[in-house]
Each structure stands twice: as C-alpha cells, then as structure tokens.
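Printed here is start23.pdb (PDB, C-alpha atoms):
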MODEL        1
ATOM      1  CA  MET A   1      86.582 118.805 166.115
ATOM      2  CA  ALA A   2      86.125 120.576 169.441
ATOM      3  CA  THR A   3      86.906 118.681 172.631
ATOM      4  CA  ALA A   4      84.440 118.255 175.495
ATOM      5  CA  ARG A   5      86.451 120.782 177.472
ATOM      6  CA  GLU A   6      86.233 123.352 174.680
ATOM      7  CA  TRP A   7      82.484 122.791 174.422
ATOM      8  CA  ALA A   8      82.079 123.136 178.182
ATOM      9  CA  HIS A   9      84.096 126.357 178.191
ATOM     10  CA  ALA A  10      81.983 127.777 175.374
ATOM     11  CA  TYR A  11      78.842 126.988 177.392
ATOM     12  CA  ALA A  12      80.435 128.503 180.498
ATOM     13  CA  ARG A  13      81.301 131.740 178.687
ATOM     14  CA  GLN A  14      77.768 131.994 177.311
ATOM     15  CA  ALA A  15      76.312 131.293 180.763
ATOM     16  CA  VAL A  16      78.396 134.029 182.360
ATOM     17  CA  ALA A  17      77.443 136.501 179.612
ATOM     18  CA  ASP A  18      73.737 135.697 180.127
ATOM     19  CA  TYR A  19      74.174 136.138 183.874
ATOM     20  CA  ARG A  20      75.972 139.492 183.484
ATOM     21  CA  ALA A  21      73.198 140.664 181.148
ATOM     22  CA  TRP A  22      70.625 139.674 183.789
ATOM     23  CA  GLN A  23      72.582 141.629 186.412
ATOM     24  CA  ALA A  24      72.758 144.701 184.156
ATOM     25  CA  MET A  25      69.013 144.537 183.572
ATOM     26  CA  GLN A  26      68.261 144.690 187.304
ATOM     27  CA  ASP A  27      68.903 148.423 187.316
ATOM     28  CA  ALA A  28      67.052 149.084 184.061
ATOM     29  CA  LYS A  29      63.415 149.773 184.865
ATOM     30  CA  ASP A  30      62.224 149.672 181.252
ATOM     31  CA  PHE A  31      62.457 145.889 181.069
ATOM     32  CA  HIS A  32      59.760 143.457 182.130
ATOM     33  CA  GLU A  33      60.518 140.886 184.802
ATOM     34  CA  CYS A  34      59.825 138.071 182.325
ATOM     35  CA  HIS A  35      62.693 139.241 180.121
ATOM     36  CA  ARG A  36      65.079 139.524 183.040
ATOM     37  CA  LEU A  37      64.156 136.046 184.234
ATOM     38  CA  LEU A  38      64.457 134.609 180.737
ATOM     39  CA  LEU A  39      68.151 135.540 180.822
ATOM     40  CA  PHE A  40      68.558 134.239 184.352
ATOM     41  CA  GLN A  41      66.971 130.896 183.445
ATOM     42  CA  MET A  42      69.175 130.588 180.369
ATOM     43  CA  ALA A  43      72.294 131.435 182.387
ATOM     44  CA  CYS A  44      71.492 128.743 184.966
ATOM     45  CA  GLU A  45      70.665 126.154 182.296
ATOM     46  CA  LYS A  46      73.971 126.768 180.467
ATOM     47  CA  LEU A  47      75.902 126.619 183.745
ATOM     48  CA  CYS A  48      74.385 123.183 184.437
ATOM     49  CA  LYS A  49      75.009 122.025 180.865
ATOM     50  CA  ALA A  50      78.657 123.135 181.062
ATOM     51  CA  HIS A  51      79.162 120.863 184.090
ATOM     52  CA  LEU A  52      77.395 118.009 182.281
ATOM     53  CA  ILE A  53      79.523 118.385 179.136
ATOM     54  CA  LEU A  54      82.679 118.550 181.244
ATOM     55  CA  SER A  55      81.757 115.164 182.704
ATOM     56  CA  GLY A  56      81.530 113.632 179.230
ATOM     57  CA  THR A  57      77.897 114.184 178.240
ATOM     58  CA  HIS A  58      77.809 114.848 174.486
ATOM     59  CA  PRO A  59      76.656 118.395 173.641
ATOM     60  CA  ASP A  60      74.219 117.050 171.039
ATOM     61  CA  ALA A  61      72.396 115.158 173.784
ATOM     62  CA  ILE A  62      71.518 118.311 175.693
ATOM     63  CA  GLN A  63      71.809 121.274 173.352
ATOM     64  CA  THR A  64      68.173 121.655 172.369
ATOM     65  CA  SER A  65      66.498 120.003 175.322
ATOM     66  CA  HIS A  66      65.616 121.486 178.676
ATOM     67  CA  GLY A  67      65.036 120.244 182.190
ATOM     68  CA  PHE A  68      68.675 120.462 183.215
ATOM     69  CA  VAL A  69      68.276 122.877 186.111
ATOM     70  CA  ALA A  70      66.178 121.401 188.939
ATOM     71  CA  ASN A  71      68.505 118.474 189.608
ATOM     72  CA  PRO A  72      71.974 119.876 188.743
ATOM     73  CA  LEU A  73      71.782 123.429 190.063
ATOM     74  CA  PRO A  74      71.408 122.547 193.786
ATOM     75  CA  LEU A  75      74.327 120.127 193.419
ATOM     76  CA  ILE A  76      76.458 122.884 191.892
ATOM     77  CA  ILE A  77      75.516 125.168 194.786
ATOM     78  CA  LYS A  78      76.311 122.400 197.286
ATOM     79  CA  GLN A  79      79.732 121.758 195.775
ATOM     80  CA  GLN A  80      80.420 125.484 195.791
ATOM     81  CA  LEU A  81      79.480 125.734 199.484
ATOM     82  CA  VAL A  82      82.022 122.965 200.164
ATOM     83  CA  ALA A  83      84.629 124.802 198.074
ATOM     84  CA  LEU A  84      83.975 127.983 200.029
ATOM     85  CA  ASN A  85      84.193 126.101 203.371
ATOM     86  CA  VAL A  86      80.825 127.479 204.489
ATOM     87  CA  PRO A  87      79.882 126.020 207.912
ATOM     88  CA  SER A  88      77.136 123.395 207.887
ATOM     89  CA  THR A  89      74.994 125.528 210.194
ATOM     90  CA  LYS A  90      74.461 127.756 207.159
ATOM     91  CA  THR A  91      74.632 125.307 204.261
ATOM     92  CA  LYS A  92      71.556 123.226 205.062
ATOM     93  CA  GLY A  93      69.139 126.125 204.791
ATOM     94  CA  ILE A  94      70.821 127.428 201.648
ATOM     95  CA  ILE A  95      70.567 124.032 199.950
ATOM     96  CA  VAL A  96      66.894 123.575 200.878
ATOM     97  CA  PHE A  97      66.254 127.017 199.417
ATOM     98  CA  ALA A  98      68.346 126.230 196.320
ATOM     99  CA  ARG A  99      66.366 123.035 195.634
ATOM    100  CA  TYR A 100      63.064 124.898 195.780
ATOM    101  CA  LEU A 101      64.337 127.838 193.748
ATOM    102  CA  ALA A 102      65.876 125.556 191.108
ATOM    103  CA  THR A 103      62.467 123.970 190.408
ATOM    104  CA  GLU A 104      60.996 127.460 190.042
ATOM    105  CA  ILE A 105      63.799 128.475 187.651
ATOM    106  CA  GLU A 106      63.309 125.353 185.557
ATOM    107  CA  VAL A 107      59.590 125.997 184.983
ATOM    108  CA  LEU A 108      60.345 129.490 183.649
ATOM    109  CA  ASN A 109      61.104 127.686 180.388
ATOM    110  CA  PRO A 110      57.853 127.078 178.471
ATOM    111  CA  ALA A 111      58.956 123.531 177.611
ATOM    112  CA  MET A 112      58.964 122.638 181.311
ATOM    113  CA  ASP A 113      55.378 122.878 182.534
ATOM    114  CA  ARG A 114      55.277 119.953 184.977
ATOM    115  CA  ASN A 115      52.658 118.080 182.943
ATOM    116  CA  GLY A 116      50.495 121.158 182.557
ATOM    117  CA  LYS A 117      50.567 122.069 186.231
ATOM    118  CA  ARG A 118      52.908 125.029 185.709
ATOM    119  CA  PRO A 119      52.020 126.746 182.441
ATOM    120  CA  ASP A 120      53.416 130.071 183.698
ATOM    121  CA  ASN A 121      56.622 130.860 181.846
ATOM    122  CA  CYS A 122      58.784 133.766 180.657
ATOM    123  CA  GLU A 123      58.111 133.584 176.925
ATOM    124  CA  TYR A 124      54.575 132.773 175.803
ATOM    125  CA  PRO A 125      51.030 133.632 176.921
ATOM    126  CA  TRP A 126      49.094 130.759 178.464
ATOM    127  CA  GLU A 127      45.559 129.900 179.544
ATOM    128  CA  ASP A 128      45.066 128.721 183.122
ATOM    129  CA  ALA A 129      42.795 125.957 184.465
ATOM    130  CA  ILE A 130      39.735 128.218 184.419
ATOM    131  CA  GLN A 131      40.540 129.429 180.898
ATOM    132  CA  VAL A 132      41.827 132.856 181.861
ATOM    133  CA  LEU A 133      44.506 134.086 179.464
ATOM    134  CA  HIS A 134      47.761 135.320 181.021
ATOM    135  CA  SER A 135      50.786 137.088 179.554
ATOM    136  CA  PRO A 136      54.314 136.828 180.962
ATOM    137  CA  LEU A 137      54.393 140.632 180.754
ATOM    138  CA  ASP A 138      51.828 140.928 183.554
ATOM    139  CA  TRP A 139      52.742 137.893 185.635
ATOM    140  CA  THR A 140      54.328 138.009 189.081
ATOM    141  CA  PHE A 141      56.992 135.319 189.049
ATOM    142  CA  HIS A 142      57.631 133.442 192.260
ATOM    143  CA  ALA A 143      61.259 132.876 191.227
ATOM    144  CA  ALA A 144      61.866 136.642 191.122
ATOM    145  CA  GLN A 145      60.350 137.075 194.572
ATOM    146  CA  LEU A 146      62.530 134.290 195.967
ATOM    147  CA  LEU A 147      65.685 135.639 194.348
ATOM    148  CA  LEU A 148      65.322 139.318 195.012
ATOM    149  CA  GLU A 149      63.156 139.686 198.113
ATOM    150  CA  LYS A 150      64.303 136.863 200.416
ATOM    151  CA  PRO A 151      67.571 137.065 202.396
ATOM    152  CA  ARG A 152      68.406 133.515 201.281
ATOM    153  CA  GLY A 153      67.921 134.656 197.689
ATOM    154  CA  ARG A 154      70.761 137.101 198.082
ATOM    155  CA  THR A 155      72.929 134.417 199.670
ATOM    156  CA  PHE A 156      72.054 132.059 196.817
ATOM    157  CA  LEU A 157      73.121 134.709 194.300
ATOM    158  CA  LYS A 158      76.460 135.226 196.044
ATOM    159  CA  VAL A 159      77.197 131.510 195.844
ATOM    160  CA  LEU A 160      75.920 131.311 192.264
ATOM    161  CA  ASP A 161      78.215 134.157 191.293
ATOM    162  CA  THR A 162      81.213 132.148 192.489
ATOM    163  CA  ALA A 163      79.901 129.068 190.661
ATOM    164  CA  PHE A 164      79.962 130.977 187.355
ATOM    165  CA  ALA A 165      83.545 132.088 187.994
ATOM    166  CA  ARG A 166      84.513 128.533 188.886
ATOM    167  CA  ILE A 167      83.096 126.839 185.798
ATOM    168  CA  LEU A 168      85.057 129.279 183.632
ATOM    169  CA  GLU A 169      88.245 128.135 185.370
ATOM    170  CA  ASP A 170      87.342 124.436 185.551
ATOM    171  CA  SER A 171      86.534 124.296 181.848
ATOM    172  CA  ARG A 172      89.411 126.428 180.601
ATOM    173  CA  PRO A 173      91.109 124.484 177.786
ATOM    174  CA  ASP A 174      94.647 123.318 178.640
TER     175      ASP A 174
ATOM    176  CA  MET B   1     101.829 107.525 189.121
ATOM    177  CA  ASP B   2      99.470 105.592 191.381
ATOM    178  CA  CYS B   3      97.701 108.057 193.635
ATOM    179  CA  SER B   4      94.995 105.674 194.832
ATOM    180  CA  ALA B   5      95.638 106.285 198.516
ATOM    181  CA  GLU B   6      95.464 110.045 198.187
ATOM    182  CA  LYS B   7      92.394 109.802 196.003
ATOM    183  CA  ASN B   8      90.682 107.461 198.434
ATOM    184  CA  ALA B   9      91.344 109.893 201.274
ATOM    185  CA  ALA B  10      90.063 112.814 199.214
ATOM    186  CA  ALA B  11      86.942 110.839 198.265
ATOM    187  CA  ARG B  12      86.310 110.088 201.947
ATOM    188  CA  ASN B  13      86.770 113.764 202.737
ATOM    189  CA  LEU B  14      84.386 114.872 199.977
ATOM    190  CA  ALA B  15      81.736 112.348 201.053
ATOM    191  CA  ASP B  16      82.037 113.510 204.675
ATOM    192  CA  LYS B  17      81.576 117.106 203.626
ATOM    193  CA  HIS B  18      78.555 116.286 201.478
ATOM    194  CA  PHE B  19      76.935 114.319 204.313
ATOM    195  CA  LEU B  20      77.578 117.286 206.541
ATOM    196  CA  VAL B  21      76.138 120.063 204.397
ATOM    197  CA  GLU B  22      72.763 118.501 203.586
ATOM    198  CA  ASP B  23      70.329 116.331 205.534
ATOM    199  CA  GLY B  24      68.537 114.687 202.595
ATOM    200  CA  LEU B  25      71.572 112.718 201.531
ATOM    201  CA  THR B  26      70.995 109.115 202.608
ATOM    202  CA  ARG B  27      73.782 107.121 200.938
ATOM    203  CA  ILE B  28      76.978 107.771 198.972
ATOM    204  CA  PHE B  29      78.811 105.241 196.807
ATOM    205  CA  ARG B  30      82.059 105.460 194.870
ATOM    206  CA  ILE B  31      81.659 105.021 191.133
ATOM    207  CA  SER B  32      84.498 103.116 189.478
ATOM    208  CA  ASP B  33      86.006 102.904 186.039
ATOM    209  CA  SER B  34      88.630 100.261 185.257
ATOM    210  CA  ALA B  35      91.527  99.956 187.723
ATOM    211  CA  ASP B  36      94.005 101.404 185.215
ATOM    212  CA  VAL B  37      91.840 104.452 184.629
ATOM    213  CA  GLU B  38      91.213 104.973 188.344
ATOM    214  CA  ARG B  39      94.958 105.055 189.106
ATOM    215  CA  ALA B  40      95.489 108.143 186.932
ATOM    216  CA  PRO B  41      95.758 111.395 188.929
ATOM    217  CA  THR B  42      93.626 113.179 186.338
ATOM    218  CA  GLU B  43      90.769 110.700 186.736
ATOM    219  CA  PRO B  44      88.083 112.337 188.884
ATOM    220  CA  ILE B  45      86.728 111.030 192.150
ATOM    221  CA  LYS B  46      83.262 109.801 191.170
ATOM    222  CA  LEU B  47      80.424 109.664 193.701
ATOM    223  CA  LEU B  48      76.863 108.406 193.394
ATOM    224  CA  GLU B  49      74.669 110.233 195.903
ATOM    225  CA  VAL B  50      71.209 109.038 196.884
ATOM    226  CA  ASN B  51      69.167 112.012 197.996
ATOM    227  CA  VAL B  52      65.534 112.060 199.126
ATOM    228  CA  ASN B  53      65.321 115.766 198.311
ATOM    229  CA  THR B  54      66.333 115.619 194.679
ATOM    230  CA  ILE B  55      63.960 115.138 191.782
ATOM    231  CA  PRO B  56      64.009 112.198 189.349
ATOM    232  CA  SER B  57      66.082 113.282 186.338
ATOM    233  CA  GLY B  58      67.933 110.168 185.294
ATOM    234  CA  ILE B  59      71.723 110.066 185.323
ATOM    235  CA  LEU B  60      73.202 113.564 185.124
ATOM    236  CA  PRO B  61      76.923 113.423 185.963
ATOM    237  CA  LEU B  62      78.369 116.815 186.898
ATOM    238  CA  ARG B  63      82.105 117.425 186.831
ATOM    239  CA  PHE B  64      83.875 119.834 189.167
ATOM    240  CA  GLY B  65      87.494 120.936 189.340
ATOM    241  CA  PRO B  66      89.839 120.215 192.245
ATOM    242  CA  MET B  67      89.243 122.075 195.524
ATOM    243  CA  PRO B  68      92.651 121.926 197.243
ATOM    244  CA  ALA B  69      91.691 124.562 199.823
ATOM    245  CA  SER B  70      88.917 122.217 200.959
ATOM    246  CA  GLY B  71      91.139 119.136 201.019
ATOM    247  CA  ILE B  72      89.974 117.806 197.642
ATOM    248  CA  PRO B  73      92.996 118.033 195.319
ATOM    249  CA  PHE B  74      91.349 115.932 192.580
ATOM    250  CA  PRO B  75      88.563 116.729 190.143
ATOM    251  CA  SER B  76      85.247 115.115 190.992
ATOM    252  CA  ILE B  77      82.117 113.899 189.257
ATOM    253  CA  ILE B  78      78.884 113.697 191.227
ATOM    254  CA  VAL B  79      75.767 111.820 190.146
ATOM    255  CA  GLU B  80      72.743 112.541 192.316
ATOM    256  CA  VAL B  81      69.691 110.282 192.171
ATOM    257  CA  THR B  82      66.478 109.664 194.094
ATOM    258  CA  PRO B  83      66.128 106.467 196.176
ATOM    259  CA  GLU B  84      63.811 105.100 193.458
ATOM    260  CA  GLU B  85      66.383 105.808 190.753
ATOM    261  CA  PHE B  86      69.023 104.092 192.873
ATOM    262  CA  GLU B  87      66.826 100.986 192.999
ATOM    263  CA  ARG B  88      66.644 101.111 189.196
ATOM    264  CA  ILE B  89      70.441 101.352 188.992
ATOM    265  CA  GLN B  90      70.736  98.316 191.265
ATOM    266  CA  ALA B  91      68.225  96.466 189.087
ATOM    267  CA  ASN B  92      70.265  97.413 185.996
ATOM    268  CA  ASP B  93      67.237  99.235 184.660
ATOM    269  CA  LEU B  94      69.083 102.579 184.796
ATOM    270  CA  LYS B  95      72.704 102.518 183.645
ATOM    271  CA  LEU B  96      75.677 104.664 184.520
ATOM    272  CA  PRO B  97      77.580 106.002 181.498
ATOM    273  CA  ASN B  98      81.047 105.029 180.234
ATOM    274  CA  GLY B  99      80.886 101.516 181.698
ATOM    275  CA  TRP B 100      81.084 102.930 185.223
ATOM    276  CA  THR B 101      80.023 100.649 188.061
ATOM    277  CA  VAL B 102      78.716 101.310 191.545
ATOM    278  CA  SER B 103      81.469 100.502 193.990
ATOM    279  CA  GLU B 104      82.006 100.734 197.763
ATOM    280  CA  GLU B 105      79.564 102.605 199.970
ATOM    281  CA  MET B 106      80.941 105.584 201.864
ATOM    282  CA  GLN B 107      79.573 105.421 205.384
ATOM    283  CA  ARG B 108      78.142 108.486 207.015
ATOM    284  CA  PRO B 109      80.740 109.886 209.443
ATOM    285  CA  ALA B 110      79.942 109.067 213.062
ATOM    286  CA  ALA B 111      80.813 112.552 214.285
ATOM    287  CA  HIS B 112      80.324 115.531 212.030
ATOM    288  CA  HIS B 113      82.544 117.876 214.005
ATOM    289  CA  GLY B 114      85.827 116.532 212.715
ATOM    290  CA  ALA B 115      84.725 116.564 209.121
ATOM    291  CA  GLU B 116      83.727 120.195 209.309
ATOM    292  CA  HIS B 117      86.896 121.534 210.836
ATOM    293  CA  GLY B 118      89.601 119.364 209.419
ATOM    294  CA  ASN B 119      90.708 118.138 206.037
ATOM    295  CA  ARG B 120      91.391 114.454 206.022
ATOM    296  CA  ALA B 121      93.189 114.284 202.711
TER     297      ALA B 121
ENDMDL
END

I'd like the structure from this file rewritten - as structure tokens, please.
Amino acid sequence: MATAREWAHAYARQAVADYRAWQAMQDAKDFHECHRLLLFQMACEKLCKAHLILSGTHPDAIQTSHGFVANPLPLIIKQQLVALNVPSTKTKGIIVFARYLATEIEVLNPAMDRNGKRPDNCEYPWEDAIQVLHSPLDWTFHAAQLLLEKPRGRTFLKVLDTAFARILEDSRPD
Amino acid sequence: MDCSAEKNAAARNLADKHFLVEDGLTRIFRISDSADVERAPTEPIKLLEVNVNTIPSGILPLRFGPMPASGIPFPSIIVEVTPEEFERIQANDLKLPNGWTVSEEMQRPAAHHGAEHGNRA
C-alpha cells in the first residue's frame, strides 16, 4: 500500500507534467485558450492536493472533488516567497494578486461555479443569466489576462515555477 | 532527541515572517499534537493562521519541507482559516484533524524590521 509521501509525490509529478504541458502550449497557436487553461487549472489543483496529502489528508478524500485551489494556492505562494527571502515590500502585492488569481483559477473547473454566479469554465458550454449560450472556445478568460498580460502575473508564474520544483523535492520518498 | 527549543524558535521565526509578508493575517496559533510527538525532530511546526483575506474552505492543512536558508530547519504544516472559521474551531464546531489542538498564540512582532533581515532560529 502506497504511503502518503508516495501519493503526494505522484500528485506532484503529475502537477509538474501538466504545468510543463501548459508552458509548451503557450507557443502553439493552434490551441484554444480554454484548453491551455484547463491544463493550468489541473496543474494548480494537483499542486495543492500534493501539499494536502503530504500533511496527512487521505487521497480518497480529495481525488475526485474540486475546490482545492482558492484557499491553498495563495498559501503555497506565500510560503514560497518566505523560502525565497523576497522582501515584504514586494510580497504583499504578490499575495493580494495570488488570492484574486487563485479564485479565478478555481472557477475554471465547471464543478466550481460559485453557486451559479460563475458558469464560465474551460470545458463545457453554458447559458448566462440572459439565456445567451457561450462556448469556452470563444470565451475571453480573465485568468489568462491576469496571468499573461499583467506584470504581477509574470511574477506569480516565477514563484509558482519554484513551488512546483519544491513540492517534487518535499514529497520525494525517502 | 528533544529539539523543542530549536523548534519553538523556528516557529517564532516562521510566524514573524508570515505576519510580515501579508497584511490580512490577524492571528497565528501553534497547533499541538501530544508532547511525545512534538519532541520529535521530524514532527512539523504546525501553525493555525486566521486571515481576513482567505475564503472559507474548512480545514485544509498544507505541509511544506524545511527552509534552512530562511531560518526554518523543520518541516511545517499551515492551516489557514477565516475569522468565522476560527470561531467555529473555538466552539468545537470545526475540528482539527489527528487530534491536534490549538495551542499558544504567536504575537505579532512589534517591529517588522528585525524579522525581515535576520533569522531568529
């Protein structure tokens, strides 16, 4: 039977692979933004779940459920900023940004629609409040704008990159 | 080996750093397991952080490895909750896992400057 550490490492490896696939897709123009973001959302969710499993949360309790990004991801970023000894003059803005972005990443999953307030997602078409049908293929995602067009988005990605490397090390089986 | 003193210092250092890097953090408490467990060097520092900027998600403990370069030579587990969730923990309506209990409060450092530029562990 696999240990918690082995489970966490398996999640970490999958998270990093999802993240690398997202990075590779940035330069490929024949993909839709929804498909890129689907990978990014999955990478972030698995990163958060790896940290949860490492703390003792049973994999069965979180494997098929969602909603594990908006709370954990900013904390992971915060801990990484401490690990990197980033001065507090810079960290506060990054963490505020990370908290907002993390909620946007979480709602990319169709299961997380904030009680119907955020039906926009990366996978399935949806009807809005005035019954207009939308497809993820045509949608402009706020998360993508935040990540790729804002200076803080690039900073966030640099820190996130180190967080992926760190969870691989932290979860490495003895 | 009893490393309580070193772990206490590292916990103080980690709490100081967390207070420093984000404004929404209002209170930090140690989380304790049994005394025997806490004495082990492999047992993580465990902090409960009350944050007005987080969203209600229940108890989601996140484990991190040691950060010796930042003065934290022990692994750590952080649980972040909203003020309302903290009230529920106090009322025993929301429970910490593994029999953990909320322990001493870590006071906000009076002066941030020292915490930013020096490791206290």

For the contact check between chain B and chain A, emit one row per residue of chain B within 10 Å, containing the shortest atom pair and the distance in Å rounded to one decimal, counting all atoms listed in the file, chain then rising number order, as a Markdown table.
| residue | atom | partner | partner_atom | distance |
| --- | --- | --- | --- | --- |
| B:Leu14 | CA | A:Val82 | CA | 8.4 |
| B:Lys17 | CA | A:Val82 | CA | 6.8 |
| B:His18 | CA | A:Val82 | CA | 7.6 |
| B:Phe19 | CA | A:Ser88 | CA | 9.8 |
| B:Leu20 | CA | A:Ser88 | CA | 6.3 |
| B:Val21 | CA | A:Ser88 | CA | 4.9 |
| B:Glu22 | CA | A:Lys92 | CA | 5.1 |
| B:Asp23 | CA | A:Lys92 | CA | 7.0 |
| B:Gly24 | CA | A:Val96 | CA | 9.2 |
| B:Pro44 | CA | A:Ser55 | CA | 9.3 |
| B:Asn53 | CA | A:Arg99 | CA | 7.8 |
| B:Thr54 | CA | A:Asn71 | CA | 6.2 |
| B:Ile55 | CA | A:Asn71 | CA | 6.0 |
| B:Pro56 | CA | A:Asn71 | CA | 7.7 |
| B:Ser57 | CA | A:Asn71 | CA | 6.6 |
| B:Gly58 | CA | A:Asn71 | CA | 9.4 |
| B:Ile59 | CA | A:Asn71 | CA | 10.0 |
| B:Leu60 | CA | A:Leu52 | CA | 6.7 |
| B:Pro61 | CA | A:Leu52 | CA | 5.9 |
| B:Leu62 | CA | A:Leu52 | CA | 4.9 |
| B:Arg63 | CA | A:Ser55 | CA | 4.7 |
| B:Phe64 | CA | A:Asp170 | CA | 6.8 |
| B:Gly65 | CA | A:Asp170 | CA | 5.2 |
| B:Pro66 | CA | A:Asp170 | CA | 8.3 |
| B:Met67 | CA | A:Ala83 | CA | 5.9 |
| B:Pro68 | CA | A:Ala83 | CA | 8.6 |
| B:Ala69 | CA | A:Ala83 | CA | 7.3 |
| B:Ser70 | CA | A:Ala83 | CA | 5.8 |
| B:Gly71 | CA | A:Ala83 | CA | 9.1 |
| B:Ile72 | CA | A:Ala83 | CA | 8.8 |
| B:Pro75 | CA | A:Asp170 | CA | 9.1 |
| B:Ser76 | CA | A:Ser55 | CA | 9.0 |
| B:Ile77 | CA | A:Ser55 | CA | 6.7 |
| B:Ile78 | CA | A:Leu75 | CA | 8.2 |
| B:Val79 | CA | A:Pro72 | CA | 9.0 |
| B:Glu80 | CA | A:Asn71 | CA | 7.8 |
| B:Val81 | CA | A:Asn71 | CA | 8.7 |
| B:Pro97 | CA | A:Thr57 | CA | 8.8 |
| B:Asn98 | CA | A:Gly56 | CA | 8.7 |
| B:His112 | CA | A:Ser88 | CA | 9.4 |
| B:His113 | CA | A:Ser88 | CA | 9.9 |
| B:Glu116 | CA | A:Pro87 | CA | 7.1 |
| B:His117 | CA | A:Pro87 | CA | 8.8 |

Quiz prompt | Non-local contacts of segment 105-120 of chain A (9 Å; only C-alpha atoms; under 3 positions in same chain excluded) as a PyMOL selection string | solution = chain A and resi 34+37-38+40-42+44-45+65-70+100-102+123-129+134-136+139+141+143

Within-10 Å shell of (68.1, 132.8, 199.0) in input frame, only C-alpha atoms, as a compact mmCIF listing (two decimals) with C-alpha atoms, in the frame of the given file:
# COMPACT_ATOMS: atom_id res chain seq x y z
CA GLY A 93 69.14 126.12 204.79
CA ILE A 94 70.82 127.43 201.65
CA ILE A 95 70.57 124.03 199.95
CA VAL A 96 66.89 123.58 200.88
CA PHE A 97 66.25 127.02 199.42
CA ALA A 98 68.35 126.23 196.32
CA TYR A 100 63.06 124.90 195.78
CA LEU A 101 64.34 127.84 193.75
CA GLN A 145 60.35 137.07 194.57
CA LEU A 146 62.53 134.29 195.97
CA LEU A 147 65.68 135.64 194.35
CA LEU A 148 65.32 139.32 195.01
CA GLU A 149 63.16 139.69 198.11
CA LYS A 150 64.30 136.86 200.42
CA PRO A 151 67.57 137.06 202.40
CA ARG A 152 68.41 133.51 201.28
CA GLY A 153 67.92 134.66 197.69
CA ARG A 154 70.76 137.10 198.08
CA THR A 155 72.93 134.42 199.67
CA PHE A 156 72.05 132.06 196.82
CA LEU A 157 73.12 134.71 194.30
CA LYS A 158 76.46 135.23 196.04
CA VAL A 159 77.20 131.51 195.84

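The gap separating atom CA of Leu168 of chain A from atom CA of Lys7 of chain B is 24.2 Å, in Å to one decimal.
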
Practice problem: To one decimal in Å, tell me the separation between atom CA of Ser4 of chain B and atom CA of Glu6 of chain A. | Solution: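 Atom CA of Glu6 of chain A lies at a distance of 28.2 Å from atom CA of Ser4 of chain B.
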
Exercise. Go ahead and compute the interatomic distance for atom CA of Ala10 of chain A and atom CA of Lys46 of chain B, in Å to one decimal.
Key: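 A separation of 24.0 Å between them.
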
Self-check item: Given the PyMOL selection byres ((chain B and resi 26-40) around 6), the residues it picks as a PyMOL selection string
Solution: chain B and resi 2+4+25+41-43+46-51+100-106
